[in-house]
Each structure stands twice: as C-alpha cells, then as structure tokens.
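Data block for target.cif (mmCIF, N, CA and C atoms, pLDDT in the B column; chains and numbers go by the auth columns):
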```
data_start
loop_
_atom_site.group_PDB
_atom_site.id
_atom_site.type_symbol
_atom_site.label_atom_id
_atom_site.label_comp_id
_atom_site.label_asym_id
_atom_site.label_seq_id
_atom_site.Cartn_x
_atom_site.Cartn_y
_atom_site.Cartn_z
_atom_site.B_iso_or_equiv
_atom_site.auth_seq_id
_atom_site.auth_asym_id
ATOM 1 N N VAL A 1 42.008 72.781 10.356 87.00 876 Z
ATOM 2 C CA VAL A 1 42.707 71.665 10.951 87.00 876 Z
ATOM 3 C C VAL A 1 42.516 70.454 10.043 87.00 876 Z
ATOM 4 N N THR A 2 43.594 69.754 9.785 88.00 877 Z
ATOM 5 C CA THR A 2 43.573 68.510 9.035 88.00 877 Z
ATOM 6 C C THR A 2 43.997 67.405 9.994 88.00 877 Z
ATOM 7 N N ALA A 3 43.258 66.294 9.991 92.00 878 Z
ATOM 8 C CA ALA A 3 43.569 65.224 10.946 92.00 878 Z
ATOM 9 C C ALA A 3 43.617 63.879 10.235 92.00 878 Z
ATOM 10 N N LEU A 4 44.479 63.000 10.750 91.00 879 Z
ATOM 11 C CA LEU A 4 44.674 61.690 10.153 91.00 879 Z
ATOM 12 C C LEU A 4 45.017 60.701 11.247 91.00 879 Z
ATOM 13 N N GLY A 5 44.501 59.494 11.137 94.00 880 Z
ATOM 14 C CA GLY A 5 44.841 58.473 12.110 94.00 880 Z
ATOM 15 C C GLY A 5 43.941 57.270 12.013 94.00 880 Z
ATOM 16 N N PRO A 6 44.205 56.268 12.830 93.00 881 Z
ATOM 17 C CA PRO A 6 43.459 55.012 12.765 93.00 881 Z
ATOM 18 C C PRO A 6 42.149 55.080 13.551 93.00 881 Z
ATOM 19 N N TYR A 7 41.290 54.119 13.268 91.00 882 Z
ATOM 20 C CA TYR A 7 40.082 53.970 14.066 91.00 882 Z
ATOM 21 C C TYR A 7 39.919 52.508 14.431 91.00 882 Z
ATOM 22 N N SER A 8 39.211 52.269 15.506 92.00 883 Z
ATOM 23 C CA SER A 8 38.913 50.926 15.964 92.00 883 Z
ATOM 24 C C SER A 8 37.534 50.948 16.596 92.00 883 Z
ATOM 25 N N ASN A 9 36.688 50.037 16.162 89.00 884 Z
ATOM 26 C CA ASN A 9 35.304 49.975 16.633 89.00 884 Z
ATOM 27 C C ASN A 9 34.609 51.313 16.409 89.00 884 Z
ATOM 28 N N ASN A 10 34.201 51.990 17.464 91.00 885 Z
ATOM 29 C CA ASN A 10 33.461 53.249 17.307 91.00 885 Z
ATOM 30 C C ASN A 10 34.298 54.475 17.657 91.00 885 Z
ATOM 31 N N ARG A 11 35.630 54.351 17.655 95.00 886 Z
ATOM 32 C CA ARG A 11 36.486 55.454 18.095 95.00 886 Z
ATOM 33 C C ARG A 11 37.661 55.653 17.130 95.00 886 Z
ATOM 34 N N ALA A 12 37.956 56.924 16.883 96.00 887 Z
ATOM 35 C CA ALA A 12 39.133 57.290 16.090 96.00 887 Z
ATOM 36 C C ALA A 12 39.924 58.338 16.867 96.00 887 Z
ATOM 37 N N VAL A 13 41.218 58.110 17.013 95.00 888 Z
ATOM 38 C CA VAL A 13 42.104 59.084 17.648 95.00 888 Z
ATOM 39 C C VAL A 13 43.046 59.583 16.559 95.00 888 Z
ATOM 40 N N LEU A 14 42.953 60.874 16.248 96.00 889 Z
ATOM 41 C CA LEU A 14 43.633 61.442 15.101 96.00 889 Z
ATOM 42 C C LEU A 14 44.665 62.485 15.519 96.00 889 Z
ATOM 43 N N THR A 15 45.767 62.543 14.781 94.00 890 Z
ATOM 44 C CA THR A 15 46.773 63.585 14.954 94.00 890 Z
ATOM 45 C C THR A 15 46.372 64.759 14.080 94.00 890 Z
ATOM 46 N N ALA A 16 46.324 65.948 14.676 94.00 891 Z
ATOM 47 C CA ALA A 16 45.875 67.140 13.952 94.00 891 Z
ATOM 48 C C ALA A 16 47.052 68.003 13.536 94.00 891 Z
ATOM 49 N N GLU A 17 46.926 68.593 12.356 92.00 892 Z
ATOM 50 C CA GLU A 17 47.880 69.573 11.848 92.00 892 Z
ATOM 51 C C GLU A 17 47.094 70.826 11.489 92.00 892 Z
ATOM 52 N N LEU A 18 47.690 71.983 11.720 90.00 893 Z
ATOM 53 C CA LEU A 18 47.067 73.239 11.325 90.00 893 Z
ATOM 54 C C LEU A 18 47.466 73.515 9.884 90.00 893 Z
ATOM 55 N N THR A 19 46.502 73.580 8.999 84.00 894 Z
ATOM 56 C CA THR A 19 46.753 73.801 7.577 84.00 894 Z
ATOM 57 C C THR A 19 46.282 75.203 7.219 84.00 894 Z
ATOM 58 N N THR A 20 47.178 76.018 6.690 81.00 895 Z
ATOM 59 C CA THR A 20 46.831 77.389 6.323 81.00 895 Z
ATOM 60 C C THR A 20 47.378 77.732 4.947 81.00 895 Z
ATOM 61 N N GLY A 21 46.847 78.770 4.362 78.00 896 Z
ATOM 62 C CA GLY A 21 47.384 79.313 3.121 78.00 896 Z
ATOM 63 C C GLY A 21 46.902 78.645 1.853 78.00 896 Z
ATOM 64 N N GLY A 22 45.986 77.696 1.958 74.00 897 Z
ATOM 65 C CA GLY A 22 45.478 77.043 0.757 74.00 897 Z
ATOM 66 C C GLY A 22 44.560 77.961 -0.028 74.00 897 Z
ATOM 67 N N LYS A 23 44.412 77.689 -1.280 75.00 898 Z
ATOM 68 C CA LYS A 23 43.526 78.476 -2.134 75.00 898 Z
ATOM 69 C C LYS A 23 42.449 77.551 -2.685 75.00 898 Z
ATOM 70 N N PHE A 24 41.224 77.769 -2.266 75.00 899 Z
ATOM 71 C CA PHE A 24 40.107 76.937 -2.689 75.00 899 Z
ATOM 72 C C PHE A 24 39.909 77.024 -4.196 75.00 899 Z
ATOM 73 N N ASN A 25 39.719 75.865 -4.815 76.00 900 Z
ATOM 74 C CA ASN A 25 39.422 75.764 -6.245 76.00 900 Z
ATOM 75 C C ASN A 25 40.500 76.420 -7.103 76.00 900 Z
ATOM 76 N N SER A 26 41.741 76.268 -6.712 76.00 901 Z
ATOM 77 C CA SER A 26 42.857 76.839 -7.450 76.00 901 Z
ATOM 78 C C SER A 26 43.699 75.722 -8.046 76.00 901 Z
ATOM 79 N N ALA A 27 44.230 75.952 -9.210 74.00 902 Z
ATOM 80 C CA ALA A 27 45.092 74.958 -9.854 74.00 902 Z
ATOM 81 C C ALA A 27 46.414 74.798 -9.094 74.00 902 Z
ATOM 82 N N GLN A 28 46.820 75.827 -8.363 73.00 903 Z
ATOM 83 C CA GLN A 28 48.074 75.781 -7.630 73.00 903 Z
ATOM 84 C C GLN A 28 47.864 76.212 -6.177 73.00 903 Z
ATOM 85 N N PRO A 29 47.218 75.355 -5.380 66.00 904 Z
ATOM 86 C CA PRO A 29 47.048 75.736 -3.979 66.00 904 Z
ATOM 87 C C PRO A 29 48.392 75.751 -3.256 66.00 904 Z
ATOM 88 N N ILE A 30 48.588 76.758 -2.444 71.00 905 Z
ATOM 89 C CA ILE A 30 49.819 76.878 -1.666 71.00 905 Z
ATOM 90 C C ILE A 30 49.418 76.779 -0.200 71.00 905 Z
ATOM 91 N N ALA A 31 49.640 75.630 0.375 71.00 906 Z
ATOM 92 C CA ALA A 31 49.267 75.426 1.771 71.00 906 Z
ATOM 93 C C ALA A 31 50.502 75.091 2.588 71.00 906 Z
ATOM 94 N N SER A 32 50.474 75.469 3.847 75.00 907 Z
ATOM 95 C CA SER A 32 51.536 75.068 4.757 75.00 907 Z
ATOM 96 C C SER A 32 50.890 74.370 5.947 75.00 907 Z
ATOM 97 N N GLN A 33 51.631 73.479 6.570 74.00 908 Z
ATOM 98 C CA GLN A 33 51.091 72.715 7.680 74.00 908 Z
ATOM 99 C C GLN A 33 52.012 72.798 8.890 74.00 908 Z
ATOM 100 N N GLU A 34 51.369 72.983 10.050 73.00 909 Z
ATOM 101 C CA GLU A 34 52.069 72.938 11.325 73.00 909 Z
ATOM 102 C C GLU A 34 51.766 71.577 11.938 73.00 909 Z
ATOM 103 N N GLY A 35 52.741 70.660 11.864 77.00 910 Z
ATOM 104 C CA GLY A 35 52.550 69.310 12.360 77.00 910 Z
ATOM 105 C C GLY A 35 52.443 69.264 13.877 77.00 910 Z
ATOM 106 N N GLU A 36 51.895 68.161 14.373 85.00 911 Z
ATOM 107 C CA GLU A 36 51.752 67.956 15.817 85.00 911 Z
ATOM 108 C C GLU A 36 51.013 69.111 16.486 85.00 911 Z
ATOM 109 N N TYR A 37 49.982 69.621 15.824 93.00 912 Z
ATOM 110 C CA TYR A 37 49.198 70.738 16.351 93.00 912 Z
ATOM 111 C C TYR A 37 48.340 70.301 17.538 93.00 912 Z
ATOM 112 N N GLY A 38 47.930 69.030 17.531 95.00 913 Z
ATOM 113 C CA GLY A 38 47.109 68.522 18.631 95.00 913 Z
ATOM 114 C C GLY A 38 46.439 67.218 18.255 95.00 913 Z
ATOM 115 N N THR A 39 45.332 66.937 18.918 95.00 914 Z
ATOM 116 C CA THR A 39 44.613 65.694 18.665 95.00 914 Z
ATOM 117 C C THR A 39 43.117 65.947 18.519 95.00 914 Z
ATOM 118 N N LEU A 40 42.496 65.064 17.765 95.00 915 Z
ATOM 119 C CA LEU A 40 41.048 65.001 17.628 95.00 915 Z
ATOM 120 C C LEU A 40 40.634 63.571 17.944 95.00 915 Z
ATOM 121 N N GLU A 41 39.582 63.417 18.706 97.00 916 Z
ATOM 122 C CA GLU A 41 39.037 62.088 18.964 97.00 916 Z
ATOM 123 C C GLU A 41 37.576 62.086 18.558 97.00 916 Z
ATOM 124 N N LEU A 42 37.207 61.103 17.760 96.00 917 Z
ATOM 125 C CA LEU A 42 35.816 60.928 17.333 96.00 917 Z
ATOM 126 C C LEU A 42 35.268 59.682 17.990 96.00 917 Z
ATOM 127 N N GLU A 43 34.145 59.824 18.660 97.00 918 Z
ATOM 128 C CA GLU A 43 33.452 58.671 19.234 97.00 918 Z
ATOM 129 C C GLU A 43 32.073 58.600 18.598 97.00 918 Z
ATOM 130 N N PHE A 44 31.888 57.575 17.776 93.00 919 Z
ATOM 131 C CA PHE A 44 30.626 57.415 17.070 93.00 919 Z
ATOM 132 C C PHE A 44 29.616 56.767 18.015 93.00 919 Z
ATOM 133 N N ARG A 45 28.572 57.511 18.343 93.00 920 Z
ATOM 134 C CA ARG A 45 27.551 57.024 19.274 93.00 920 Z
ATOM 135 C C ARG A 45 26.459 56.250 18.562 93.00 920 Z
ATOM 136 N N SER A 46 26.288 56.521 17.281 91.00 921 Z
ATOM 137 C CA SER A 46 25.296 55.821 16.459 91.00 921 Z
ATOM 138 C C SER A 46 25.686 56.047 15.005 91.00 921 Z
ATOM 139 N N CYS A 47 24.881 55.550 14.123 88.00 922 Z
ATOM 140 C CA CYS A 47 25.151 55.752 12.696 88.00 922 Z
ATOM 141 C C CYS A 47 24.852 57.178 12.254 88.00 922 Z
ATOM 142 N N ASN A 48 24.296 57.974 13.149 91.00 923 Z
ATOM 143 C CA ASN A 48 23.900 59.326 12.799 91.00 923 Z
ATOM 144 C C ASN A 48 24.565 60.395 13.674 91.00 923 Z
ATOM 145 N N GLN A 49 25.300 59.978 14.700 95.00 924 Z
ATOM 146 C CA GLN A 49 25.798 60.949 15.675 95.00 924 Z
ATOM 147 C C GLN A 49 27.181 60.562 16.195 95.00 924 Z
ATOM 148 N N ALA A 50 28.000 61.589 16.448 96.00 925 Z
ATOM 149 C CA ALA A 50 29.329 61.385 17.039 96.00 925 Z
ATOM 150 C C ALA A 50 29.664 62.556 17.948 96.00 925 Z
ATOM 151 N N ILE A 51 30.631 62.330 18.823 98.00 926 Z
ATOM 152 C CA ILE A 51 31.169 63.380 19.683 98.00 926 Z
ATOM 153 C C ILE A 51 32.612 63.615 19.249 98.00 926 Z
ATOM 154 N N VAL A 52 32.965 64.862 19.037 97.00 927 Z
ATOM 155 C CA VAL A 52 34.330 65.250 18.684 97.00 927 Z
ATOM 156 C C VAL A 52 34.957 65.898 19.915 97.00 927 Z
ATOM 157 N N THR A 53 36.105 65.385 20.334 97.00 928 Z
ATOM 158 C CA THR A 53 36.869 65.986 21.425 97.00 928 Z
ATOM 159 C C THR A 53 38.201 66.435 20.839 97.00 928 Z
ATOM 160 N N PHE A 54 38.575 67.679 21.101 97.00 929 Z
ATOM 161 C CA PHE A 54 39.805 68.211 20.518 97.00 929 Z
ATOM 162 C C PHE A 54 40.694 68.808 21.592 97.00 929 Z
ATOM 163 N N ASP A 55 41.996 68.788 21.325 97.00 930 Z
ATOM 164 C CA ASP A 55 42.981 69.397 22.202 97.00 930 Z
ATOM 165 C C ASP A 55 44.092 69.974 21.335 97.00 930 Z
ATOM 166 N N PHE A 56 44.205 71.296 21.302 96.00 931 Z
ATOM 167 C CA PHE A 56 45.224 71.995 20.528 96.00 931 Z
ATOM 168 C C PHE A 56 46.066 72.824 21.509 96.00 931 Z
ATOM 169 N N PRO A 57 47.076 72.195 22.147 95.00 932 Z
ATOM 170 C CA PRO A 57 47.841 72.862 23.213 95.00 932 Z
ATOM 171 C C PRO A 57 48.480 74.190 22.811 95.00 932 Z
ATOM 172 N N SER A 58 49.071 74.257 21.622 88.00 933 Z
ATOM 173 C CA SER A 58 49.767 75.492 21.248 88.00 933 Z
ATOM 174 C C SER A 58 48.800 76.660 21.067 88.00 933 Z
ATOM 175 N N ALA A 59 47.543 76.367 20.785 91.00 934 Z
ATOM 176 C CA ALA A 59 46.528 77.422 20.638 91.00 934 Z
ATOM 177 C C ALA A 59 45.754 77.631 21.937 91.00 934 Z
ATOM 178 N N GLY A 60 45.996 76.767 22.926 95.00 935 Z
ATOM 179 C CA GLY A 60 45.275 76.878 24.184 95.00 935 Z
ATOM 180 C C GLY A 60 43.795 76.561 24.045 95.00 935 Z
ATOM 181 N N GLN A 61 43.447 75.678 23.107 95.00 936 Z
ATOM 182 C CA GLN A 61 42.053 75.344 22.823 95.00 936 Z
ATOM 183 C C GLN A 61 41.804 73.867 23.078 95.00 936 Z
ATOM 184 N N SER A 62 40.708 73.568 23.769 97.00 937 Z
ATOM 185 C CA SER A 62 40.278 72.183 23.945 97.00 937 Z
ATOM 186 C C SER A 62 38.781 72.190 24.221 97.00 937 Z
ATOM 187 N N GLY A 63 38.146 71.067 23.991 98.00 938 Z
ATOM 188 C CA GLY A 63 36.714 70.963 24.243 98.00 938 Z
ATOM 189 C C GLY A 63 36.105 69.818 23.485 98.00 938 Z
ATOM 190 N N SER A 64 34.793 69.813 23.425 98.00 939 Z
ATOM 191 C CA SER A 64 34.091 68.777 22.670 98.00 939 Z
ATOM 192 C C SER A 64 32.776 69.325 22.151 98.00 939 Z
ATOM 193 N N PHE A 65 32.265 68.683 21.115 97.00 940 Z
ATOM 194 C CA PHE A 65 30.979 69.067 20.550 97.00 940 Z
ATOM 195 C C PHE A 65 30.387 67.867 19.834 97.00 940 Z
ATOM 196 N N GLU A 66 29.090 67.908 19.636 97.00 941 Z
ATOM 197 C CA GLU A 66 28.363 66.832 18.962 97.00 941 Z
ATOM 198 C C GLU A 66 28.256 67.145 17.474 97.00 941 Z
ATOM 199 N N ILE A 67 28.390 66.116 16.657 96.00 942 Z
ATOM 200 C CA ILE A 67 28.145 66.270 15.224 96.00 942 Z
ATOM 201 C C ILE A 67 27.085 65.263 14.804 96.00 942 Z
ATOM 202 N N ASN A 68 26.324 65.628 13.788 94.00 943 Z
ATOM 203 C CA ASN A 68 25.281 64.764 13.245 94.00 943 Z
ATOM 204 C C ASN A 68 25.468 64.646 11.745 94.00 943 Z
ATOM 205 N N ARG A 69 25.116 63.503 11.232 89.00 944 Z
ATOM 206 C CA ARG A 69 25.204 63.260 9.790 89.00 944 Z
ATOM 207 C C ARG A 69 24.306 64.269 9.070 89.00 944 Z
ATOM 208 N N ALA A 70 24.830 64.924 8.052 87.00 945 Z
ATOM 209 C CA ALA A 70 24.060 65.923 7.310 87.00 945 Z
ATOM 210 C C ALA A 70 22.975 65.268 6.456 87.00 945 Z
ATOM 211 N N LEU A 71 23.308 64.177 5.824 87.00 946 Z
ATOM 212 C CA LEU A 71 22.345 63.438 5.008 87.00 946 Z
ATOM 213 C C LEU A 71 22.155 62.067 5.629 87.00 946 Z
ATOM 214 N N THR A 72 20.937 61.685 5.855 84.00 947 Z
ATOM 215 C CA THR A 72 20.668 60.432 6.566 84.00 947 Z
ATOM 216 C C THR A 72 20.358 59.256 5.642 84.00 947 Z
ATOM 217 N N SER A 73 20.586 59.392 4.355 86.00 948 Z
ATOM 218 C CA SER A 73 20.239 58.322 3.414 86.00 948 Z
ATOM 219 C C SER A 73 21.029 57.037 3.664 86.00 948 Z
ATOM 220 N N ASN A 74 22.232 57.120 4.258 85.00 949 Z
ATOM 221 C CA ASN A 74 23.030 55.922 4.500 85.00 949 Z
ATOM 222 C C ASN A 74 22.828 55.323 5.901 85.00 949 Z
ATOM 223 N N VAL A 75 22.008 55.956 6.731 86.00 950 Z
ATOM 224 C CA VAL A 75 21.805 55.460 8.095 86.00 950 Z
ATOM 225 C C VAL A 75 21.261 54.029 8.107 86.00 950 Z
ATOM 226 N N PRO A 76 20.237 53.688 7.302 87.00 951 Z
ATOM 227 C CA PRO A 76 19.754 52.301 7.320 87.00 951 Z
ATOM 228 C C PRO A 76 20.844 51.274 6.951 87.00 951 Z
ATOM 229 N N LEU A 77 21.679 51.579 5.973 87.00 952 Z
ATOM 230 C CA LEU A 77 22.760 50.683 5.603 87.00 952 Z
ATOM 231 C C LEU A 77 23.745 50.544 6.761 87.00 952 Z
ATOM 232 N N CYS A 78 24.128 51.652 7.362 84.00 953 Z
ATOM 233 C CA CYS A 78 25.053 51.637 8.506 84.00 953 Z
ATOM 234 C C CYS A 78 24.475 50.797 9.634 84.00 953 Z
ATOM 235 N N GLU A 79 23.205 50.984 9.943 86.00 954 Z
ATOM 236 C CA GLU A 79 22.571 50.217 11.025 86.00 954 Z
ATOM 237 C C GLU A 79 22.526 48.731 10.723 86.00 954 Z
ATOM 238 N N SER A 80 22.290 48.386 9.458 88.00 955 Z
ATOM 239 C CA SER A 80 22.243 46.965 9.112 88.00 955 Z
ATOM 240 C C SER A 80 23.623 46.318 9.220 88.00 955 Z
ATOM 241 N N ILE A 81 24.669 47.053 8.873 84.00 956 Z
ATOM 242 C CA ILE A 81 26.037 46.534 8.993 84.00 956 Z
ATOM 243 C C ILE A 81 26.429 46.426 10.458 84.00 956 Z
ATOM 244 N N ALA A 82 26.014 47.413 11.269 76.00 957 Z
ATOM 245 C CA ALA A 82 26.376 47.452 12.681 76.00 957 Z
ATOM 246 C C ALA A 82 25.772 46.285 13.459 76.00 957 Z
ATOM 247 N N THR A 83 24.650 45.735 12.997 69.00 958 Z
ATOM 248 C CA THR A 83 24.006 44.628 13.716 69.00 958 Z
ATOM 249 C C THR A 83 24.520 43.275 13.278 69.00 958 Z
ATOM 250 N N ASP A 84 25.334 43.242 12.221 59.00 959 Z
ATOM 251 C CA ASP A 84 25.886 41.943 11.737 59.00 959 Z
ATOM 252 C C ASP A 84 26.927 41.397 12.682 59.00 959 Z
#
```
Target encoding structure tokens, full file:
Amino acid sequence: VTALGPYSNNRAVLTAELTTGGKFNSAQPIASQEGEYGTLELEFRSCNQAIVTFDFPSAGQSGSFEINRALTSNVPLCESIATD
C-alpha cells in the first residue's frame, strides 16, 4: 500500500493506493496502482509512538495497530521541538 496526504498537528489522514508489480532494485520497475484503495490515518502519540488506523473497503480489511520508531536517536530533537 502506498499512501499520500496532508498532516496537521499530530494527525495525518492519507489516501491509500494498492501498488503491485514493482521490482525491487531494478532499473526498470514495472508497478501498477489501484487508486482510491482506502485510507490510512496516523495519530502520533509521542515522538516515539503512533497508532495506524486503516480501512481498505474493496479488500474488506480494516483495523488499527501501534507503531514505534525503529531508531530512537532523533527522539530528543523531536521532544525539544514539540515543547517549543
């Protein structure tokens, strides 16, 4: 799934497209996209954690899950900016 859209404050609501057929590390990737596949919403709870909520009607899939930053080296910078 590829998603794109705006964010405001701690939330991003993204339009999702299903992207298939790409070739990783290829000079000529051939990918196709199914537009308007669904939506993704990201709610950033902290500089290290977010909740992803997804809804893909044509696939009959929806739900949510937590994500965490893989590398925490930027957390102090994020926290300092967030308190400004």
Sphere at (46.0, 69.9, 18.2), radius 5 Å, counting all atoms listed in the file: residues as a list in words: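 I get Tyr912, Gly913, Thr914, Asp930, Phe931 and Pro932 of chain Z for the residues within 5 Å of that point.
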Hits from the PyMOL selection byres ((chain Z and resi 939) around 8), listed as a PyMOL selection string: chain Z and resi 926-930+937-938+940-942
With N, CA and C atoms kept, could you save the residues just selected as a PDB file, keeping the file's coordinate frame?
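selection.pdb was written with the following content:
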```pdb
ATOM      1  N   ILE Z 926      30.631  62.330  18.823  1.00 98.00           N
ATOM      2  CA  ILE Z 926      31.169  63.380  19.683  1.00 98.00           C
ATOM      3  C   ILE Z 926      32.612  63.615  19.249  1.00 98.00           C
ATOM      4  N   VAL Z 927      32.965  64.862  19.037  1.00 97.00           N
ATOM      5  CA  VAL Z 927      34.330  65.250  18.684  1.00 97.00           C
ATOM      6  C   VAL Z 927      34.957  65.898  19.915  1.00 97.00           C
ATOM      7  N   THR Z 928      36.105  65.385  20.334  1.00 97.00           N
ATOM      8  CA  THR Z 928      36.869  65.986  21.425  1.00 97.00           C
ATOM      9  C   THR Z 928      38.201  66.435  20.839  1.00 97.00           C
ATOM     10  N   PHE Z 929      38.575  67.679  21.101  1.00 97.00           N
ATOM     11  CA  PHE Z 929      39.805  68.211  20.518  1.00 97.00           C
ATOM     12  C   PHE Z 929      40.694  68.808  21.592  1.00 97.00           C
ATOM     13  N   ASP Z 930      41.996  68.788  21.325  1.00 97.00           N
ATOM     14  CA  ASP Z 930      42.981  69.397  22.202  1.00 97.00           C
ATOM     15  C   ASP Z 930      44.092  69.974  21.335  1.00 97.00           C
ATOM     16  N   SER Z 937      40.708  73.568  23.769  1.00 97.00           N
ATOM     17  CA  SER Z 937      40.278  72.183  23.945  1.00 97.00           C
ATOM     18  C   SER Z 937      38.781  72.190  24.221  1.00 97.00           C
ATOM     19  N   GLY Z 938      38.146  71.067  23.991  1.00 98.00           N
ATOM     20  CA  GLY Z 938      36.714  70.963  24.243  1.00 98.00           C
ATOM     21  C   GLY Z 938      36.105  69.818  23.485  1.00 98.00           C
ATOM     22  N   PHE Z 940      32.265  68.683  21.115  1.00 97.00           N
ATOM     23  CA  PHE Z 940      30.979  69.067  20.550  1.00 97.00           C
ATOM     24  C   PHE Z 940      30.387  67.867  19.834  1.00 97.00           C
ATOM     25  N   GLU Z 941      29.090  67.908  19.636  1.00 97.00           N
ATOM     26  CA  GLU Z 941      28.363  66.832  18.962  1.00 97.00           C
ATOM     27  C   GLU Z 941      28.256  67.145  17.474  1.00 97.00           C
ATOM     28  N   ILE Z 942      28.390  66.116  16.657  1.00 96.00           N
ATOM     29  CA  ILE Z 942      28.145  66.270  15.224  1.00 96.00           C
ATOM     30  C   ILE Z 942      27.085  65.263  14.804  1.00 96.00           C
TER      31      ILE Z 942
END
```
Test item: residues at most 8 Å from range 951-953 of chain Z, all atoms listed in the file, excluding those fewer than 3 positions along its chain, as an MDAnalysis selection string: chainID Z and resid 921:923 947:948 956:958
Output file for the residues above (N, CA and C atoms, as a PDB file, in the coordinates of the input):
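The resulting file, selection.pdb, is shown below:
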```pdb
ATOM      1  N   SER Z 921      26.288  56.521  17.281  1.00 91.00           N
ATOM      2  CA  SER Z 921      25.296  55.821  16.459  1.00 91.00           C
ATOM      3  C   SER Z 921      25.686  56.047  15.005  1.00 91.00           C
ATOM      4  N   CYS Z 922      24.881  55.550  14.123  1.00 88.00           N
ATOM      5  CA  CYS Z 922      25.151  55.752  12.696  1.00 88.00           C
ATOM      6  C   CYS Z 922      24.852  57.178  12.254  1.00 88.00           C
ATOM      7  N   ASN Z 923      24.296  57.974  13.149  1.00 91.00           N
ATOM      8  CA  ASN Z 923      23.900  59.326  12.799  1.00 91.00           C
ATOM      9  C   ASN Z 923      24.565  60.395  13.674  1.00 91.00           C
ATOM     10  N   THR Z 947      20.937  61.685   5.855  1.00 84.00           N
ATOM     11  CA  THR Z 947      20.668  60.432   6.566  1.00 84.00           C
ATOM     12  C   THR Z 947      20.358  59.256   5.642  1.00 84.00           C
ATOM     13  N   SER Z 948      20.586  59.392   4.355  1.00 86.00           N
ATOM     14  CA  SER Z 948      20.239  58.322   3.414  1.00 86.00           C
ATOM     15  C   SER Z 948      21.029  57.037   3.664  1.00 86.00           C
ATOM     16  N   ILE Z 956      24.669  47.053   8.873  1.00 84.00           N
ATOM     17  CA  ILE Z 956      26.037  46.534   8.993  1.00 84.00           C
ATOM     18  C   ILE Z 956      26.429  46.426  10.458  1.00 84.00           C
ATOM     19  N   ALA Z 957      26.014  47.413  11.269  1.00 76.00           N
ATOM     20  CA  ALA Z 957      26.376  47.452  12.681  1.00 76.00           C
ATOM     21  C   ALA Z 957      25.772  46.285  13.459  1.00 76.00           C
ATOM     22  N   THR Z 958      24.650  45.735  12.997  1.00 69.00           N
ATOM     23  CA  THR Z 958      24.006  44.628  13.716  1.00 69.00           C
ATOM     24  C   THR Z 958      24.520  43.275  13.278  1.00 69.00           C
TER      25      THR Z 958
END
```
Of the listed residues Z:Ala934, Z:Ala878, Z:Ala891, Z:Ala945, that which approaches Glu909 in chain Z most closely, counting all atoms listed in the file: Z:Ala891
Restrict the calculation to all atoms listed in the file, then for each residue of range 894-918 of chain Z with any atom at most 5 Å from an atom of range 882-889 of chain Z give the closest atom pair and their distance in Å to one decimal, rows by chain and rising residue number, as a tab-separated table.
```
residue	atom	partner	partner_atom	distance
Z:Thr914	CA	Z:Leu889	C	4.5
Z:Leu915	C	Z:Leu889	N	3.9
Z:Glu916	CA	Z:Ala887	C	4.4
Z:Leu917	N	Z:Ala887	C	4.0
Z:Glu918	CA	Z:Asn885	C	4.6
```
Computed interatomic separation between CA of Ala902 in chain Z and CA of Thr877 in chain Z (Å):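 So the two atoms, CA of Ala902 in chain Z and CA of Thr877 in chain Z, lie 20.0 Å apart.
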DSSP strand (DSSP E) selection over chain Z, as a PyMOL selection string: chain Z and resi 877-879+882-883+886-895+907-919+924-931+936-943
What box, with edges along x, y and z, holds each listed atom of range 932-950 of chain Z when 3 Å is added on every side, and can you state its centre and edge lengths in Å to one decimal, as lines of an AutoDock Vina configuration file?
```
center_x = 35.0
center_y = 65.8
center_z = 13.8
size_x = 35.5
size_y = 29.6
size_z = 26.8
```
